[in-house]
$ cat target31.txt   # compact mmCIF, C-alpha atoms
# COMPACT_ATOMS: atom_id res chain seq x y z
CA MET N 1 -38.56 88.75 -148.78
CA ALA N 2 -40.83 89.57 -151.73
CA GLU N 3 -38.42 87.77 -154.03
CA CYS N 4 -38.58 84.67 -151.83
CA GLN N 5 -42.38 84.72 -151.94
CA GLN N 6 -42.26 84.99 -155.73
CA ILE N 7 -40.00 82.01 -156.17
CA ARG N 8 -42.15 79.88 -153.90
CA ARG N 9 -45.39 80.60 -155.76
CA SER N 10 -44.15 80.16 -159.31
CA ASN N 11 -44.63 77.07 -161.46
CA GLN N 12 -41.92 78.06 -163.93
CA LYS N 13 -38.85 75.90 -164.36
CA THR N 14 -35.83 77.23 -162.48
CA VAL N 15 -32.10 76.61 -162.71
CA ILE N 16 -30.64 76.33 -159.22
CA MET N 17 -26.92 76.87 -158.82
CA LEU N 18 -26.23 73.90 -156.56
CA SER N 19 -22.84 73.72 -154.89
CA GLY N 20 -23.82 71.00 -152.45
CA GLY N 21 -23.56 73.36 -149.49
CA ILE N 22 -26.30 74.36 -147.07
CA ASP N 23 -27.66 77.49 -148.77
CA SER N 24 -28.03 76.11 -152.29
CA THR N 25 -29.46 72.84 -150.96
CA VAL N 26 -32.13 74.62 -148.91
CA LEU N 27 -32.96 76.77 -151.95
CA LEU N 28 -33.29 73.68 -154.16
CA HIS N 29 -35.76 72.13 -151.72
CA ASP N 30 -37.63 75.41 -151.33
CA VAL N 31 -38.18 75.71 -155.08
CA ALA N 32 -38.97 72.01 -155.56
CA ARG N 33 -41.59 72.00 -152.80
CA LYS N 34 -43.52 74.91 -154.27
CA SER N 35 -43.36 74.13 -157.97
CA SER N 36 -45.04 71.46 -160.06
CA ILE N 37 -42.02 71.51 -162.41
CA PRO N 38 -38.81 69.93 -161.07
CA PRO N 39 -35.90 72.40 -161.00
CA VAL N 40 -32.59 71.90 -162.78
CA ALA N 41 -29.64 71.60 -160.40
CA LEU N 42 -26.58 73.07 -162.12
CA HIS N 43 -23.31 72.16 -160.41
CA PHE N 44 -19.83 73.45 -161.24
CA SER N 45 -16.88 71.34 -160.16
CA GLY N 46 -13.20 72.24 -160.24
CA PHE N 47 -13.32 75.04 -157.71
CA ALA N 48 -13.53 72.78 -154.69
CA THR N 49 -13.33 69.04 -153.95
CA THR N 50 -14.88 66.03 -155.70
CA ARG N 51 -16.69 65.24 -152.46
CA GLU N 52 -18.76 68.37 -152.98
CA THR N 53 -19.83 67.10 -156.40
CA SER N 54 -20.96 63.70 -155.09
CA ALA N 55 -22.97 65.44 -152.36
CA ALA N 56 -24.64 67.77 -154.87
CA ARG N 57 -25.53 64.88 -157.18
CA ALA N 58 -27.08 62.85 -154.35
CA ILE N 59 -29.05 65.87 -153.10
CA ALA N 60 -30.50 66.58 -156.55
CA GLU N 61 -31.32 62.97 -157.32
CA LYS N 62 -33.06 62.49 -153.98
CA ILE N 63 -35.72 65.08 -154.83
CA GLY N 64 -35.98 64.23 -158.51
CA ALA N 65 -34.24 67.31 -159.88
CA GLU N 66 -32.28 67.12 -163.12
CA PHE N 67 -28.58 67.22 -162.24
CA VAL N 68 -26.24 68.91 -164.70
CA HIS N 69 -22.53 68.76 -163.91
CA VAL N 70 -20.08 71.18 -165.54
CA ASP N 71 -16.36 70.69 -164.83
CA VAL N 72 -14.38 73.95 -164.91
CA LYS N 73 -11.18 72.45 -163.51
CA SER N 74 -9.17 73.26 -166.63
CA PHE N 75 -10.23 76.89 -166.37
CA VAL N 76 -9.21 77.06 -162.70
CA ARG N 77 -5.85 75.47 -163.50
CA ALA N 78 -5.30 77.98 -166.30
CA CYS N 79 -5.94 80.82 -163.87
CA ILE N 80 -3.99 79.31 -160.97
CA PRO N 81 -1.42 76.74 -162.18
CA GLU N 82 -0.71 73.89 -159.78
CA ARG N 83 2.88 75.00 -159.32
CA THR N 84 1.80 78.43 -158.06
CA ARG N 85 -1.28 77.38 -156.10
CA PRO N 86 -0.99 77.81 -152.32
CA ARG N 87 -0.90 74.57 -150.36
CA LYS N 88 -4.39 73.46 -149.32
CA SER N 89 -5.95 76.07 -151.61
CA ASP N 90 -9.69 75.67 -152.09
CA GLY N 91 -9.35 76.82 -155.70
CA ARG N 92 -11.25 80.05 -155.13
CA LEU N 93 -10.80 82.65 -157.83
CA VAL N 94 -11.28 86.37 -157.53
CA TYR N 95 -14.42 87.02 -159.59
CA GLY N 96 -14.96 83.26 -159.73
CA ASN N 97 -18.55 83.47 -158.52
CA SER N 98 -19.29 85.88 -161.34
CA VAL N 99 -17.88 83.40 -163.85
CA VAL N 100 -20.25 80.59 -162.82
CA LEU N 101 -23.14 83.02 -162.51
CA SER N 102 -22.62 84.12 -166.11
CA MET N 103 -22.38 80.48 -167.21
CA SER N 104 -25.58 79.64 -165.36
CA ILE N 105 -27.46 82.42 -167.07
CA ALA N 106 -26.10 81.36 -170.48
CA PHE N 107 -27.17 77.77 -169.73
CA ALA N 108 -30.69 78.86 -168.77
CA VAL N 109 -31.07 81.05 -171.86
CA ALA N 110 -29.88 78.22 -174.13
CA ARG N 111 -32.36 75.84 -172.49
CA ASP N 112 -35.14 78.45 -172.62
CA ILE N 113 -35.49 78.33 -168.83
CA PRO N 114 -36.81 81.66 -167.54
CA ARG N 115 -35.14 81.81 -164.13
CA VAL N 116 -31.79 81.26 -162.43
CA ALA N 117 -31.71 81.18 -158.63
CA VAL N 118 -28.62 81.45 -156.46
CA GLY N 119 -28.48 80.75 -152.73
CA LEU N 120 -26.49 83.79 -151.64
CA ASN N 121 -27.09 84.97 -148.09
CA ALA N 122 -26.33 88.21 -146.27
CA ASP N 123 -23.09 86.81 -144.84
CA ASP N 124 -21.87 86.03 -148.38
CA ALA N 125 -22.66 89.60 -149.40
CA LEU N 126 -20.38 90.90 -146.65
CA ALA N 127 -17.55 88.48 -147.42
CA PHE N 128 -17.08 88.94 -151.18
CA THR N 129 -17.56 91.95 -153.45
CA GLU N 130 -19.12 89.92 -156.28
CA ASN N 131 -21.83 88.69 -153.90
CA ARG N 132 -23.05 92.15 -152.92
CA PRO N 133 -26.62 93.16 -153.83
CA GLU N 134 -25.43 96.01 -156.05
CA PHE N 135 -23.13 93.61 -157.92
CA ILE N 136 -26.01 91.18 -158.51
CA GLU N 137 -28.07 94.11 -159.76
CA GLN N 138 -25.45 94.65 -162.46
CA PHE N 139 -26.13 91.15 -163.75
CA ARG N 140 -29.85 91.86 -163.75
CA ASP N 141 -29.25 95.06 -165.71
CA GLY N 142 -27.19 93.06 -168.20
CA LEU N 143 -30.02 90.58 -168.67
CA GLU N 144 -32.45 93.42 -169.29
CA LEU N 145 -30.12 95.03 -171.82
CA SER N 146 -29.64 91.73 -173.67
CA GLY N 147 -33.39 91.29 -173.99
CA VAL N 148 -33.32 87.61 -173.02
CA ASN N 149 -36.21 85.91 -171.25
CA CYS N 150 -34.38 85.09 -168.03
CA ARG N 151 -34.52 86.46 -164.50
CA LEU N 152 -31.86 86.21 -161.80
CA LEU N 153 -33.20 85.48 -158.32
CA ALA N 154 -31.36 85.60 -155.00
CA PRO N 155 -34.23 84.99 -152.56
CA TYR N 156 -32.07 84.58 -149.44
CA HIS N 157 -29.79 87.54 -150.11
CA SER N 158 -31.10 89.56 -147.17
CA TRP N 159 -31.09 86.56 -144.81
CA PRO N 160 -28.24 85.68 -142.44
CA LYS N 161 -27.06 82.07 -142.72
CA VAL N 162 -28.84 81.29 -139.45
CA LYS N 163 -32.19 82.06 -141.08
CA VAL N 164 -31.35 79.85 -144.07
CA LEU N 165 -30.53 77.00 -141.70
CA ARG N 166 -33.83 77.44 -139.90
CA ARG N 167 -35.65 77.47 -143.23
CA GLY N 168 -33.93 74.20 -144.08
CA ALA N 169 -35.01 72.66 -140.79
CA GLU N 170 -38.57 73.89 -141.41
CA LEU N 171 -38.57 72.18 -144.81
CA GLY N 172 -37.15 68.97 -143.35
CA VAL N 173 -33.95 69.18 -145.39
CA ASP N 174 -31.28 66.63 -144.51
CA LEU N 175 -28.66 69.23 -143.59
CA GLY N 176 -26.16 66.50 -142.77
CA SER N 177 -26.06 65.50 -146.43
CA THR N 178 -24.69 68.90 -147.48
CA PHE N 179 -20.98 69.41 -147.98
CA SER N 180 -18.93 72.61 -147.85
CA CYS N 181 -15.44 71.74 -146.56
CA MET N 182 -12.41 73.27 -148.29
CA THR N 183 -9.96 70.52 -147.30
CA PRO N 184 -11.83 67.29 -146.45
CA THR N 185 -10.19 64.37 -144.70
CA ARG N 186 -11.29 60.83 -145.64
CA ASP N 187 -14.25 62.40 -147.51
CA LEU N 188 -15.42 64.03 -144.28
CA HIS N 189 -15.52 67.67 -143.21
CA ASP N 190 -12.14 68.25 -141.58
CA GLY N 191 -13.70 70.45 -138.90
CA THR N 192 -10.91 73.03 -138.99
CA CYS N 193 -11.09 74.97 -142.28
CA ALA N 194 -12.87 78.33 -142.53
CA SER N 195 -15.96 76.77 -144.12
CA CYS N 196 -16.25 74.17 -141.36
CA LEU N 197 -15.85 76.78 -138.65
CA ASP N 198 -18.53 78.93 -140.28
CA ARG N 199 -20.77 75.89 -140.55
CA GLN N 200 -20.35 75.01 -136.86
CA ALA N 201 -20.97 78.61 -135.79
CA ALA N 202 -24.15 78.82 -137.89
CA PHE N 203 -25.66 75.67 -136.40
CA LYS N 204 -24.83 76.92 -132.91
CA ALA N 205 -26.32 80.36 -133.55
CA ALA N 206 -29.46 78.80 -135.07
CA ASP N 207 -29.78 76.50 -132.05
CA ILE N 208 -30.01 73.49 -134.36
CA SER N 209 -28.17 70.25 -133.69
CA ASP N 210 -25.27 69.93 -136.12
CA PRO N 211 -25.58 66.52 -137.88
CA THR N 212 -22.23 66.89 -139.63
CA GLN N 213 -19.58 64.22 -139.13
CA TYR N 214 -16.20 65.91 -138.73
CA ALA N 215 -12.93 64.09 -139.27
CA ASN N 216 -11.29 65.79 -136.31
CA GLY N 217 -13.93 64.49 -133.94
CA THR N 218 -15.69 67.82 -133.47
CA LEU N 219 -19.17 67.18 -132.13
CA GLY N 220 -22.26 68.88 -133.54
CA CYS N 221 -23.97 71.23 -131.11

$ encode --input "target31.txt" --output "structure tokens"
Amino acid sequence: MAECQQIRRSNQKTVIMLSGGIDSTVLLHDVARKSSIPPVALHFSGFATTRETSAARAIAEKIGAEFVHVDVKSFVRACIPERTRPRKSDGRLVYGNSVVLSMSIAFAVARDIPRVAVGLNADDALAFTENRPEFIEQFRDGLELSGVNCRLLAPYHSWPKVKVLRRGAELGVDLGSTFSCMTPTRDLHDGTCASCLDRQAAFKAADISDPTQYANGTLGC
């Protein structure tokens, strides 16, 4: 919680790792609302679908954040060639989050931006090893050892996704504009992949009406 209070009070420029999903979008709005300096929205494509990129761009532009798009598709293909990739794969790589986190920090250091913020939540920490608090601490230790002027913030890391959703509603974020489907249909959330099911469950648990349009006709709750 203290980290969240810090990020809201600061007027320093911040790089936000913006996927286009709910957590990073809420974080982008949270930082933008409390800072006189527009944040930089750094988006990595190639791991998921192009629909995610268009959503991230629109979200950043709507609040006046600088949008920087980095395509890592060739890297993903080198790691997982098309011929060996499972059908309907979302392109996720083991240690992939750590790759983009390192790139984000390098970007911030090169731009002389003192902070990088990532919208990890407590559910993420349980799901993937590289999202755990102790793993993130290793990155912070690395920054300290390198002597660079950059801090890594994860202000929602102790929050369940439900709390992030409620924070988004409190800020008036257009949650329906976010995108996090692994296998979209007609540029819509398919309503059946793991990300869609998690999304639906989070809205239901938060007791917030789900504004998402699902291709399979699933109704928001």

$ residues_around --input "target31.txt" --residues "Gly168 of chain N" --least-positions-apart "6" --cutoff "9 Å" --atoms "all atoms listed in the file" --output "PDB file with C-alpha atoms, in the coordinates of the input"
ATOM      1  CA  ILE N  22     -26.300  74.360-147.070  1.00  0.00           C
ATOM      2  CA  ASP N  23     -27.660  77.490-148.770  1.00  0.00           C
ATOM      3  CA  THR N  25     -29.460  72.840-150.960  1.00  0.00           C
ATOM      4  CA  VAL N  26     -32.130  74.620-148.910  1.00  0.00           C
ATOM      5  CA  LEU N  27     -32.960  76.770-151.950  1.00  0.00           C
ATOM      6  CA  HIS N  29     -35.760  72.130-151.720  1.00  0.00           C
ATOM      7  CA  ASP N  30     -37.630  75.410-151.330  1.00  0.00           C
ATOM      8  CA  ASP N 174     -31.280  66.630-144.510  1.00  0.00           C
ATOM      9  CA  LEU N 175     -28.660  69.230-143.590  1.00  0.00           C
TER      10      LEU N 175
END

$ residues_near_point --input "target31.txt" --point "(-14.5, 77.2, -143.0)" --cutoff "12 Å" --atoms "all atoms listed in the file" --output "short mmCIF file (atom, residue, chain, number, x, y, z; two decimals) with C-alpha atoms, in the frame of the given file"
data_model
loop_
_atom_site.label_atom_id
_atom_site.label_comp_id
_atom_site.auth_asym_id
_atom_site.auth_seq_id
_atom_site.Cartn_x
_atom_site.Cartn_y
_atom_site.Cartn_z
CA GLY N 21 -23.56 73.36 -149.49
CA ASP N 90 -9.69 75.67 -152.09
CA PHE N 179 -20.98 69.41 -147.98
CA SER N 180 -18.93 72.61 -147.85
CA CYS N 181 -15.44 71.74 -146.56
CA MET N 182 -12.41 73.27 -148.29
CA THR N 183 -9.96 70.52 -147.30
CA PRO N 184 -11.83 67.29 -146.45
CA HIS N 189 -15.52 67.67 -143.21
CA ASP N 190 -12.14 68.25 -141.58
CA GLY N 191 -13.70 70.45 -138.90
CA THR N 192 -10.91 73.03 -138.99
CA CYS N 193 -11.09 74.97 -142.28
CA ALA N 194 -12.87 78.33 -142.53
CA SER N 195 -15.96 76.77 -144.12
CA CYS N 196 -16.25 74.17 -141.36
CA LEU N 197 -15.85 76.78 -138.65
CA ASP N 198 -18.53 78.93 -140.28
CA ARG N 199 -20.77 75.89 -140.55
CA GLN N 200 -20.35 75.01 -136.86
CA ALA N 201 -20.97 78.61 -135.79
CA ALA N 202 -24.15 78.82 -137.89
#

$ closest_residue --input "target31.txt" --among "N:Cys79, N:Ala125, N:Ala117, N:Leu188" --to "Lys161 of chain N" --atoms "only C-alpha atoms"
N:Ala125

$ residues_around --input "target31.txt" --residues "Pro133 of chain N" --least-positions-apart "6" --cutoff "12 Å" --atoms "only C-alpha atoms" --output "VMD selection string"
chain N and resid 120 to 126 139 to 140 152 to 158

$ atom_distance --input "target31.txt" --atom1 "atom CA of Gln213 of chain N" --atom2 "atom CA of Gly176 of chain N"
7.9 Å

$ atom_distance --input "target31.txt" --atom1 "atom CA of Leu18 of chain N" --atom2 "atom CA of Arg77 of chain N"
21.6 Å

$ residues_around --input "target31.txt" --residues "Val100 of chain N" --least-positions-apart "3" --cutoff "10 Å" --atoms "all atoms listed in the file" --output "PyMOL selection string"
chain N and resi 17+42-44+70+72+95-97+103-106
